[in-house]
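S.K.: Compact mmCIF, C-alpha atoms, file query_2.txt:
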```
# COMPACT_ATOMS: atom_id res chain seq x y z
CA GLU I 1 9.09 -12.57 12.56
CA THR I 2 7.03 -14.01 9.75
CA GLY I 3 5.87 -12.15 6.69
CA VAL I 4 7.76 -9.17 5.37
CA THR I 5 10.44 -7.69 7.65
CA GLN I 6 11.89 -4.23 7.20
CA THR I 7 14.93 -2.80 8.94
CA PRO I 8 15.60 -0.38 10.41
CA ARG I 9 12.21 0.71 11.76
CA HIS I 10 13.41 4.29 12.10
CA LEU I 11 16.28 6.12 10.42
CA VAL I 12 17.53 9.67 10.75
CA MET I 13 20.16 10.71 8.24
CA GLY I 14 21.89 13.84 7.08
CA MET I 15 21.71 14.98 3.49
CA THR I 16 25.27 13.90 2.81
CA ASN I 17 24.93 10.42 4.34
CA LYS I 18 24.62 7.09 2.59
CA LYS I 19 22.31 4.50 4.11
CA SER I 20 20.37 1.44 3.05
CA LEU I 21 16.92 0.12 3.84
CA LYS I 22 16.46 -3.63 3.96
CA CYS I 23 13.43 -5.76 3.22
CA GLU I 24 13.27 -9.50 3.72
CA GLN I 25 10.56 -12.07 3.08
CA HIS I 26 10.55 -15.83 3.43
CA LEU I 27 7.09 -16.36 2.05
CA GLY I 28 8.33 -17.79 -1.22
CA HIS I 29 7.07 -14.71 -3.05
CA ASN I 30 8.58 -13.84 -6.39
CA ALA I 31 7.63 -10.16 -6.64
CA MET I 32 8.73 -7.36 -4.33
CA TYR I 33 7.91 -3.66 -4.25
CA TRP I 34 9.04 -0.39 -2.69
CA TYR I 35 6.37 2.20 -1.90
CA LYS I 36 6.78 5.67 -0.43
CA GLN I 37 4.13 7.00 1.96
CA SER I 38 4.31 10.75 2.59
CA ALA I 39 1.96 12.84 4.67
CA LYS I 40 -1.08 14.00 2.72
CA LYS I 41 -0.16 11.92 -0.33
CA PRO I 42 -1.23 8.49 -1.51
CA LEU I 43 1.15 5.57 -1.43
CA GLU I 44 3.55 6.05 -4.33
CA LEU I 45 5.03 3.07 -6.14
CA MET I 46 8.79 3.41 -6.51
CA PHE I 47 10.18 0.12 -7.75
CA VAL I 48 8.95 -3.33 -8.71
CA TYR I 49 11.02 -6.50 -8.92
CA SER I 50 9.86 -9.82 -10.29
CA LEU I 51 12.19 -12.80 -10.01
CA GLU I 52 15.01 -10.41 -9.11
CA GLU I 53 14.56 -8.39 -12.30
CA ARG I 54 13.44 -4.79 -12.08
CA VAL I 55 10.20 -4.50 -14.05
CA GLU I 56 9.13 -0.99 -13.16
CA ASN I 57 10.78 2.21 -12.09
CA ASN I 58 8.35 5.04 -11.57
CA SER I 59 10.56 8.01 -12.43
CA VAL I 60 12.28 7.88 -9.08
CA PRO I 61 15.28 10.19 -8.56
CA SER I 62 18.65 8.51 -8.88
CA ARG I 63 19.45 9.25 -5.23
CA PHE I 64 17.29 6.16 -4.58
CA SER I 65 18.90 3.00 -5.85
CA PRO I 66 17.23 -0.41 -5.43
CA GLU I 67 18.93 -3.76 -5.30
CA CYS I 68 17.41 -7.23 -5.35
CA PRO I 69 20.17 -9.82 -4.87
CA ASN I 70 17.69 -12.70 -4.58
CA SER I 71 13.95 -13.21 -4.40
CA SER I 72 13.95 -12.97 -0.59
CA HIS I 73 15.78 -9.68 -0.18
CA LEU I 74 15.25 -6.16 -1.43
CA PHE I 75 17.33 -3.12 -0.59
CA LEU I 76 16.89 0.59 -1.12
CA HIS I 77 20.19 2.45 -1.12
CA LEU I 78 19.97 6.11 -0.23
CA HIS I 79 22.48 8.90 -0.89
CA THR I 80 22.41 12.69 -0.86
CA LEU I 81 18.75 12.77 0.07
CA GLN I 82 16.65 15.90 0.49
CA PRO I 83 14.40 16.82 3.43
CA GLU I 84 11.34 16.20 1.23
CA ASP I 85 12.40 12.56 1.00
CA SER I 86 11.39 12.14 4.64
CA ALA I 87 8.58 9.59 4.60
CA LEU I 88 7.55 6.06 5.51
CA TYR I 89 9.08 3.58 3.07
CA LEU I 90 7.06 0.42 2.71
CA CYS I 91 8.16 -2.86 1.24
CA ALA I 92 5.63 -5.37 -0.06
CA SER I 93 5.74 -8.76 -1.72
CA SER I 94 3.33 -10.91 -3.67
CA GLN I 95 3.41 -14.50 -4.80
CA GLU I 96 3.64 -13.49 -8.42
CA LEU I 97 3.48 -10.17 -10.21
CA GLY I 98 -0.23 -10.56 -10.83
CA LEU I 99 -2.51 -8.70 -8.43
CA ARG I 100 -4.95 -11.50 -7.79
CA TYR I 101 -2.48 -12.81 -5.24
CA GLY I 102 -2.60 -9.67 -3.09
CA TYR I 103 0.29 -7.96 -1.37
CA THR I 104 1.92 -8.61 1.99
CA PHE I 105 3.33 -5.40 3.45
CA GLY I 106 6.15 -4.81 5.88
CA SER I 107 5.86 -2.41 8.82
CA GLY I 108 7.90 0.21 7.02
CA THR I 109 10.99 2.31 7.72
CA ARG I 110 10.30 5.83 8.98
CA LEU I 111 12.98 7.96 7.35
CA THR I 112 13.82 11.49 8.47
CA VAL I 113 16.30 13.51 6.45
CA VAL I 114 17.85 16.42 8.34
CA ALA O 1 -3.79 7.20 -16.32
CA GLN O 2 -4.88 5.29 -13.27
CA ARG O 3 -6.13 7.28 -10.32
CA VAL O 4 -7.92 6.49 -7.09
CA THR O 5 -9.82 9.14 -5.16
CA GLN O 6 -10.96 8.81 -1.59
CA PRO O 7 -12.78 12.07 -0.94
CA GLU O 8 -13.01 11.77 2.84
CA LYS O 9 -9.85 12.14 4.88
CA LEU O 10 -11.67 11.35 8.11
CA LEU O 11 -15.00 9.67 8.81
CA SER O 12 -16.46 9.46 12.29
CA VAL O 13 -19.48 7.29 13.05
CA PHE O 14 -21.14 5.97 16.19
CA LYS O 15 -20.94 2.32 17.10
CA GLY O 16 -23.78 0.43 15.46
CA ALA O 17 -24.26 3.01 12.72
CA PRO O 18 -23.79 2.15 9.04
CA VAL O 19 -20.47 2.96 7.42
CA GLU O 20 -19.67 3.83 3.84
CA LEU O 21 -16.13 4.69 2.79
CA LYS O 22 -16.11 6.20 -0.66
CA CYS O 23 -13.72 5.30 -3.44
CA ASN O 24 -13.81 6.48 -7.03
CA TYR O 25 -11.36 5.50 -9.68
CA SER O 26 -10.20 6.63 -13.06
CA TYR O 27 -9.20 3.94 -15.53
CA SER O 28 -10.34 3.30 -19.08
CA GLY O 29 -10.04 -0.50 -19.02
CA SER O 30 -11.30 -3.18 -16.65
CA PRO O 31 -9.73 -2.55 -13.28
CA GLU O 32 -9.09 -4.83 -10.36
CA LEU O 33 -9.98 -3.07 -7.12
CA PHE O 34 -8.99 -3.71 -3.55
CA TRP O 35 -9.46 -2.34 -0.07
CA TYR O 36 -6.51 -2.39 2.31
CA VAL O 37 -6.71 -1.60 6.03
CA GLN O 38 -4.14 -0.44 8.56
CA TYR O 39 -5.04 -0.78 12.24
CA SER O 40 -3.14 1.20 14.84
CA ARG O 41 0.47 0.00 15.14
CA GLN O 42 -0.09 -2.73 12.58
CA ARG O 43 1.01 -3.09 9.00
CA LEU O 44 -1.09 -2.48 5.95
CA GLN O 45 -3.08 -5.59 5.05
CA LEU O 46 -5.53 -6.69 2.41
CA LEU O 47 -9.17 -6.43 3.49
CA LEU O 48 -11.00 -7.52 0.37
CA ARG O 49 -10.86 -7.57 -3.42
CA HIS O 50 -13.71 -7.06 -5.82
CA ILE O 51 -13.05 -10.20 -7.85
CA SER O 52 -13.71 -12.36 -4.79
CA ARG O 53 -17.10 -10.77 -4.08
CA GLU O 54 -16.52 -11.61 -0.44
CA SER O 55 -17.54 -10.15 2.89
CA ILE O 56 -14.69 -9.71 5.35
CA LYS O 57 -15.32 -8.61 8.95
CA GLY O 58 -18.80 -7.58 7.83
CA PHE O 59 -17.46 -5.27 5.10
CA THR O 60 -18.54 -5.51 1.47
CA ALA O 61 -17.67 -3.50 -1.61
CA ASP O 62 -19.36 -3.53 -4.97
CA LEU O 63 -17.71 -2.41 -8.16
CA ASN O 64 -19.94 0.03 -10.03
CA LYS O 65 -18.42 0.53 -13.45
CA GLY O 66 -21.03 3.09 -14.46
CA GLU O 67 -20.14 5.35 -11.55
CA THR O 68 -16.49 4.18 -11.46
CA SER O 69 -16.85 3.54 -7.76
CA PHE O 70 -15.89 0.86 -5.27
CA HIS O 71 -17.35 2.05 -1.99
CA LEU O 72 -16.72 0.03 1.17
CA LYS O 73 -19.77 -0.61 3.33
CA LYS O 74 -20.66 -2.14 6.66
CA PRO O 75 -24.17 -2.07 8.11
CA PHE O 76 -23.15 -1.82 11.79
CA ALA O 77 -19.81 -0.28 12.72
CA GLN O 78 -17.78 -1.69 15.60
CA GLU O 79 -15.09 0.07 17.65
CA GLU O 80 -12.49 -2.36 16.36
CA ASP O 81 -13.17 -1.11 12.83
CA SER O 82 -11.35 2.13 13.63
CA ALA O 83 -8.39 2.23 11.24
CA MET O 84 -7.02 3.74 8.04
CA TYR O 85 -8.64 2.37 4.92
CA TYR O 86 -7.02 2.54 1.50
CA CYS O 87 -8.68 1.85 -1.81
CA ALA O 88 -6.35 0.52 -4.50
CA LEU O 89 -6.55 -0.20 -8.19
CA SER O 90 -4.67 -2.29 -10.65
CA GLY O 91 -5.12 -1.80 -14.34
CA GLY O 92 -3.75 -3.77 -17.25
CA ASN O 93 -5.37 -6.55 -19.22
CA SER O 94 -3.42 -9.31 -17.53
CA GLY O 95 -3.88 -7.87 -14.04
CA ASN O 96 -0.18 -7.73 -13.44
CA THR O 97 0.32 -4.02 -12.97
CA PRO O 98 1.25 -2.74 -9.52
CA LEU O 99 -1.30 -1.19 -7.24
CA VAL O 100 -2.18 2.49 -7.29
CA PHE O 101 -3.50 3.66 -3.92
CA GLY O 102 -5.82 6.40 -2.79
CA LYS O 103 -4.85 8.79 -0.01
CA GLY O 104 -6.80 6.82 2.54
CA THR O 105 -9.70 7.52 4.88
CA ARG O 106 -9.37 7.34 8.62
CA LEU O 107 -12.44 5.71 10.15
CA SER O 108 -13.14 6.50 13.75
CA VAL O 109 -15.93 4.54 15.44
CA ILE O 110 -17.19 6.26 18.57
CA ALA O 111 -18.61 4.24 21.44
```
Is it possible to give me this structure as structure tokens?
M.R.:
Amino acid sequence: ETGVTQTPRHLVMGMTNKKSLKCEQHLGHNAMYWYKQSAKKPLELMFVYSLEERVENNSVPSRFSPECPNSSHLFLHLHTLQPEDSALYLCASSQELGLRYGYTFGSGTRLTVV
Amino acid sequence: AQRVTQPEKLLSVFKGAPVELKCNYSYSGSPELFWYVQYSRQRLQLLLRHISRESIKGFTADLNKGETSFHLKKPFAQEEDSAMYYCALSGGNSGNTPLVFGKGTRLSVIA
């Protein structure tokens, strides 16, 4: 698959579990993003990475922990989540951090916390 | 603070009718504005950006700084236009701040 690939597509986890979401792009993009999409809310920016350095963290609870080992991969590690964390988690990338390049989005991971 | 408001959650129009999806923003500087679209079972994708002043799939959007609006328009709606539409804003002088999205409007074009 070309573009931005997210795995898994669906995830159900208990509140005491630890899981990770994976995002991969081979577009040569240098900036990657995690967004959260909840019902009845706008897309919320969670984390921004540029050249593997975190450049923004939007007051996200510590139970969400991002990792960017290289410019092609982005992870979101999850632990002790709450039911209200159930949402669609979207990964996006852009050529550079500047917006004029536009974003390429992945299909998302639908997370359900039980 | 940057904010994007899309007042309509759902908009239904008949095929061939004009469409206008409303977007208002709140930002004190010079924003960069975008429209993203998500068709059924597809990922979110860029539709158009105001700096390009382009028409994509018959859609246009004009930035009105006086009214702080960036409404998306199409003169004749097609069934394939049915989708979720998100307005998004980026602030910052160098244009390198991440996007802030509105809640989205679901457009339903009725045959």
S.K.: Can you tell me how far CA of Gly29 (chain O) sits from CA of Thr97 (chain O), in Å to one decimal?
M.R.: 12.5 Å
S.K.: If we count only C-alpha atoms, which residues of chain O reach to within 8 Å of chain I? Please list them as a tab-separated table (two decimals) with C-alpha atoms, in the coordinates of the input.
M.R.:
```
chain	number	residue	atom	x	y	z
O	32	GLU	CA	-9.09	-4.83	-10.36
O	42	GLN	CA	-0.09	-2.73	12.58
O	43	ARG	CA	1.01	-3.09	9.00
O	44	LEU	CA	-1.09	-2.48	5.95
O	45	GLN	CA	-3.08	-5.59	5.05
O	46	LEU	CA	-5.53	-6.69	2.41
O	90	SER	CA	-4.67	-2.29	-10.65
O	94	SER	CA	-3.42	-9.31	-17.53
O	95	GLY	CA	-3.88	-7.87	-14.04
O	96	ASN	CA	-0.18	-7.73	-13.44
O	97	THR	CA	0.32	-4.02	-12.97
O	98	PRO	CA	1.25	-2.74	-9.52
O	99	LEU	CA	-1.30	-1.19	-7.24
O	100	VAL	CA	-2.18	2.49	-7.29
O	101	PHE	CA	-3.50	3.66	-3.92
O	102	GLY	CA	-5.82	6.40	-2.79
O	103	LYS	CA	-4.85	8.79	-0.01
O	104	GLY	CA	-6.80	6.82	2.54
```
S.K.: Can you work out the spacing between CA of Asn64 (chain O) and CA of Gln2 (chain O) in Å, to one decimal?
M.R.: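 Spanning CA of Asn64 (chain O) to CA of Gln2 (chain O) is a straight-line distance of 16.3 Å.
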S.K.: Specify the axis-aligned box that encloses all atoms of region 55-73 of chain I listed in the file after padding of 6 Å on each side, stating its centre and edge lengths in Å to one decimal as AutoDock Vina command-line options.
M.R.:
```
--center_x 14.3 --center_y -1.5 --center_z -7.1 --size_x 23.8 --size_y 35.4 --size_z 25.9
```
S.K.: Could you tell me how far CA of Val12 (chain I) lies from CA of Tyr49 (chain I), in Å and to one decimal?
M.R.: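 Answer for the CA of Val12 (chain I) to CA of Tyr49 (chain I) separation: 26.3 Å.
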S.K.: Using all atoms listed in the file, find the one residue out of I:Pro83, I:Lys19, I:Cys91, I:His26 that sits nearest to Phe64 (chain I).
M.R.: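 Between I:Pro83, I:Lys19, I:Cys91, I:His26, the residue approaching Phe64 (chain I) most closely is I:Lys19.
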S.K.: Might you pull out every residue within 9 Å of Cys87 (chain O), with only C-alpha atoms counted and same-chain residues fewer than 2 positions away left off, and present them as a list in words?
M.R.: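 The neighbour list is Val4, Thr5, Gln6, Lys22, Cys23, Asn24, Leu33, Phe34, Trp35, Tyr36, Val37, Phe70, His71, Leu72, Tyr85, Leu89, Val100, Phe101, Gly102, Lys103, Gly104 and Thr105 of chain O.
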S.K.: Have a look at I:Thr5, I:Ser50, I:Gln25, I:Ser86 and name the one nearest to Thr112 (chain I); count all atoms listed in the file.
M.R.: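 Closest to Thr112 (chain I) of all the choices is I:Ser86.
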S.K.: For the point (21.8, 16.7, 3.3) in the file's frame, write as an MDAnalysis selection string all residues with an atom no more than 10 Å away, counting only C-alpha atoms.
M.R.: chainID I and resid 13:17 79:83 113:114
S.K.: Out of O:Glu54, O:Leu21, O:Pro75, O:Glu80, which residue has the shortest atom-to-atom distance to Lys9 (chain O) when counting only C-alpha atoms?
M.R.: O:Leu21
